Structures are given as C-alpha cells and as structure tokens.
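Asker: What follows is a structure written as structure tokens; I'll ask about it next.
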Amino acid sequence: MLHKLFTRTRRGGLIVLVFTLIALVLGSVFAATLPAQTAPGYQFIYLRSIDTLGTEVITERPNAIVGLLTLRGAPVIRWEQQHVNNTPGRLTLSIFAPGAPTTGVPTQNVVVNMVGDSAKLTLSANGRCQSAQQRGACRQGTHVTRV
C-alpha cells in the first residue's frame with residue numbers, strides 16, 4: 001500500500017509515512033508510561049435467587065493471597081493471608097465502613113500472627129489497640145500447608 005502511495009504522489013506518501021512514524025512513537029511512549037493492568041485471580045458473585053448480595057475478588061501474589069469482600073449495605077472486608085513456602089503466615093482482616101474507600105485506614109483491624117503452636121491476636125478499632133495470646137491445641141511440629 002505504501003508502495004502505491006509513493007509511486008502515485010510523492011507528497012501523499014511522505015504524509016502517510018510521517019503519520020505512521022508519529023503513531024509508532026506515540027504508541028511506544030504510552031506503552032512505556034502506562035502501568036500494565038493485571039486481572040484478579042478469582043471473582044465470586046454471591047446471589048440469593050436473582051438478587052446480587054455481593055462480590056469477592058481474590059488475587060494471588062507470590063507471598064500472599066488477598067481478598068476483597070463487598071456485600072450490599074454491609075462493611076467491606078479486605079483480607080490478606082501471607083505464606084512462606086506454602087506455610088500460612090500472618091492473617092490480616094481489615095473492615096471498612098460501607099461505601100468507604102479500601103485504601104484508607106480501616107475502622108476495625110484484626111491481625112493473627114502464628115508463632116509455633118500459638119496465635120497472637122492484635123485487634124484495633126477506633127484508634128485503640130488490644131493484644132491477646134491464644135494457645136493452640138496442636139502438638140509441636142504440626143503445621144498446615146496450602147493446597
């Protein structure tokens with residue numbers, strides 16, 4: 001096609017060539033500056049009959065699994081389960097007010113740290129923090145692995 005434009009009129013061919021080069025440069029600039037969009041790993045829709053109650057989006061990362069549960073008229077729950085070598089680690093539950101952005105400070109936060117056969121809970125709500133230690137009924141050396 002460019003060959004026909006160049007042989008027909010030199011001016012038309014040059015105009016097309018210039019626009020093609022501009023489009024290539026702009027495309028490469030936008031491709032380099034815009035972040036890549038990643039799709040979530042799993043999406044769930046919770047239904048009752050034909051009524052949508054809420055959605056949950058679960059994303060897998062190399063060292064954690066993150067979920068965002070949104071129910072209609074209810075607080076939004078963001079959870080993150082960290083893992084190392086397929087062994088579960090810290091679990092964080094962040095609860096946000098209905099309609100509030102999930103990037104800010106949560107109204108309630110629960111952190112469960114597993115240390116040996118014990119679980120250490122750290123609860124925070126309205127800026128106050130409370131810690132508790134819960135002993136587990138597991139024998140030493142018992143651990144749960146991710147399937």
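As shown in the structure tokens, the chain order sets the letters A, B, ...; within each chain, residues go from 1, and ligands are also counted from 1 in the order they appear.
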Write down as a ChimeraX atom specification the residues of region 20-134 of chain A whose backbone DSSP state falls under helix (DSSP H, G or I).

Answerer: /A:20-33

Asker: Go ahead and save the residues from that selection, with N, CA and C atoms, as a PDB file, in the first residue's frame.

Answerer:
```pdb
ATOM      1  N   THR A  20       2.553   7.692  10.145  1.00  0.00           N
ATOM      2  CA  THR A  20       2.845   6.348  10.637  1.00  0.00           C
ATOM      3  C   THR A  20       3.950   6.387  11.687  1.00  0.00           C
ATOM      4  N   LEU A  21       4.995   7.149  11.435  1.00  0.00           N
ATOM      5  CA  LEU A  21       6.079   7.276  12.407  1.00  0.00           C
ATOM      6  C   LEU A  21       5.607   7.944  13.694  1.00  0.00           C
ATOM      7  N   ILE A  22       4.773   8.976  13.574  1.00  0.00           N
ATOM      8  CA  ILE A  22       4.225   9.633  14.768  1.00  0.00           C
ATOM      9  C   ILE A  22       3.389   8.653  15.579  1.00  0.00           C
ATOM     10  N   ALA A  23       2.559   7.853  14.909  1.00  0.00           N
ATOM     11  CA  ALA A  23       1.734   6.870  15.615  1.00  0.00           C
ATOM     12  C   ALA A  23       2.597   5.827  16.315  1.00  0.00           C
ATOM     13  N   LEU A  24       3.673   5.383  15.678  1.00  0.00           N
ATOM     14  CA  LEU A  24       4.575   4.412  16.307  1.00  0.00           C
ATOM     15  C   LEU A  24       5.261   4.996  17.537  1.00  0.00           C
ATOM     16  N   VAL A  25       5.719   6.240  17.436  1.00  0.00           N
ATOM     17  CA  VAL A  25       6.380   6.878  18.578  1.00  0.00           C
ATOM     18  C   VAL A  25       5.403   7.072  19.724  1.00  0.00           C
ATOM     19  N   LEU A  26       4.205   7.585  19.431  1.00  0.00           N
ATOM     20  CA  LEU A  26       3.208   7.779  20.490  1.00  0.00           C
ATOM     21  C   LEU A  26       2.800   6.450  21.130  1.00  0.00           C
ATOM     22  N   GLY A  27       2.651   5.419  20.329  1.00  0.00           N
ATOM     23  CA  GLY A  27       2.296   4.113  20.871  1.00  0.00           C
ATOM     24  C   GLY A  27       3.358   3.566  21.796  1.00  0.00           C
ATOM     25  N   SER A  28       4.618   3.714  21.421  1.00  0.00           N
ATOM     26  CA  SER A  28       5.682   3.216  22.289  1.00  0.00           C
ATOM     27  C   SER A  28       5.817   4.056  23.555  1.00  0.00           C
ATOM     28  N   VAL A  29       5.582   5.372  23.482  1.00  0.00           N
ATOM     29  CA  VAL A  29       5.630   6.220  24.674  1.00  0.00           C
ATOM     30  C   VAL A  29       4.511   5.844  25.635  1.00  0.00           C
ATOM     31  N   PHE A  30       3.286   5.688  25.139  1.00  0.00           N
ATOM     32  CA  PHE A  30       2.173   5.314  26.009  1.00  0.00           C
ATOM     33  C   PHE A  30       2.344   3.918  26.583  1.00  0.00           C
ATOM     34  N   ALA A  31       2.874   3.001  25.815  1.00  0.00           N
ATOM     35  CA  ALA A  31       3.088   1.639  26.313  1.00  0.00           C
ATOM     36  C   ALA A  31       4.146   1.619  27.407  1.00  0.00           C
ATOM     37  N   ALA A  32       5.121   2.496  27.336  1.00  0.00           N
ATOM     38  CA  ALA A  32       6.177   2.525  28.345  1.00  0.00           C
ATOM     39  C   ALA A  32       5.749   3.242  29.614  1.00  0.00           C
ATOM     40  N   THR A  33       4.851   4.229  29.500  1.00  0.00           N
ATOM     41  CA  THR A  33       4.477   5.021  30.674  1.00  0.00           C
ATOM     42  C   THR A  33       3.264   4.489  31.405  1.00  0.00           C
TER      43      THR A  33
END
```

Asker: Determine the nearest neighbour of Gly41 (chain A) from the options A:Leu68, A:Leu14, A:Ile95, A:Leu53, counting only C-alpha atoms.

Answerer: A:Leu68

Asker: For Leu91 (chain A), list every protein, DNA or RNA residue within 7 Å, evaluated using only C-alpha atoms, and leave out those in the same chain fewer than 4 positions away; present the list as number ranges by chain.

Answerer: A: 80-82, 111-113

Asker: Name all residues at most 7 Å from region 114-116 of chain A (count only C-alpha atoms; drop same-chain ones fewer than 4 positions away) and give them as a list in words.

Answerer: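 The neighbour list is Gly89, Arg90 and Lys120 of chain A.
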
Asker: A:Val110, A:Ile15, A:Ile50, A:Leu121: which is nearest Trp79 (chain A), counting only C-alpha atoms?

Answerer: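 Closest to Trp79 (chain A), using only C-alpha atoms: A:Val110.
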
Asker: Give the strand (DSSP E) residues of region 85-130 of chain A, as DSSP finds them on the backbone, and put them as a ChimeraX atom specification.

Answerer: /A:87-96,108-115,118-125,128-130

Asker: Between A:Ile45, A:Leu123, A:Ile58, A:Ile77, which residue has the minimum interatomic distance to Ser94 (chain A), considering only C-alpha atoms?

Answerer: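 That would be A:Ile77, the residue with the smallest distance to Ser94 (chain A).
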
Asker: Of the residues A:Thr70, A:Thr107, A:Asn85, A:Thr102, which is the one nearest to Gln43 (chain A), using only C-alpha atoms?

Answerer: A:Thr70

Asker: Under the rule that only C-alpha atoms are counted, which of A:Thr52, A:Thr59, A:Thr87, A:Gln108 is the nearest residue to Arg72 (chain A)?

Answerer: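 Selected residue with least distance to Arg72 (chain A): A:Thr52.
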
Asker: Nearest to Asp51 (chain A): which of A:Leu71, A:Ala100, A:Ala64, A:His83 is it, counting only C-alpha atoms?

Answerer: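 Using only C-alpha atoms, Asp51 (chain A) sits closest to A:Leu71.
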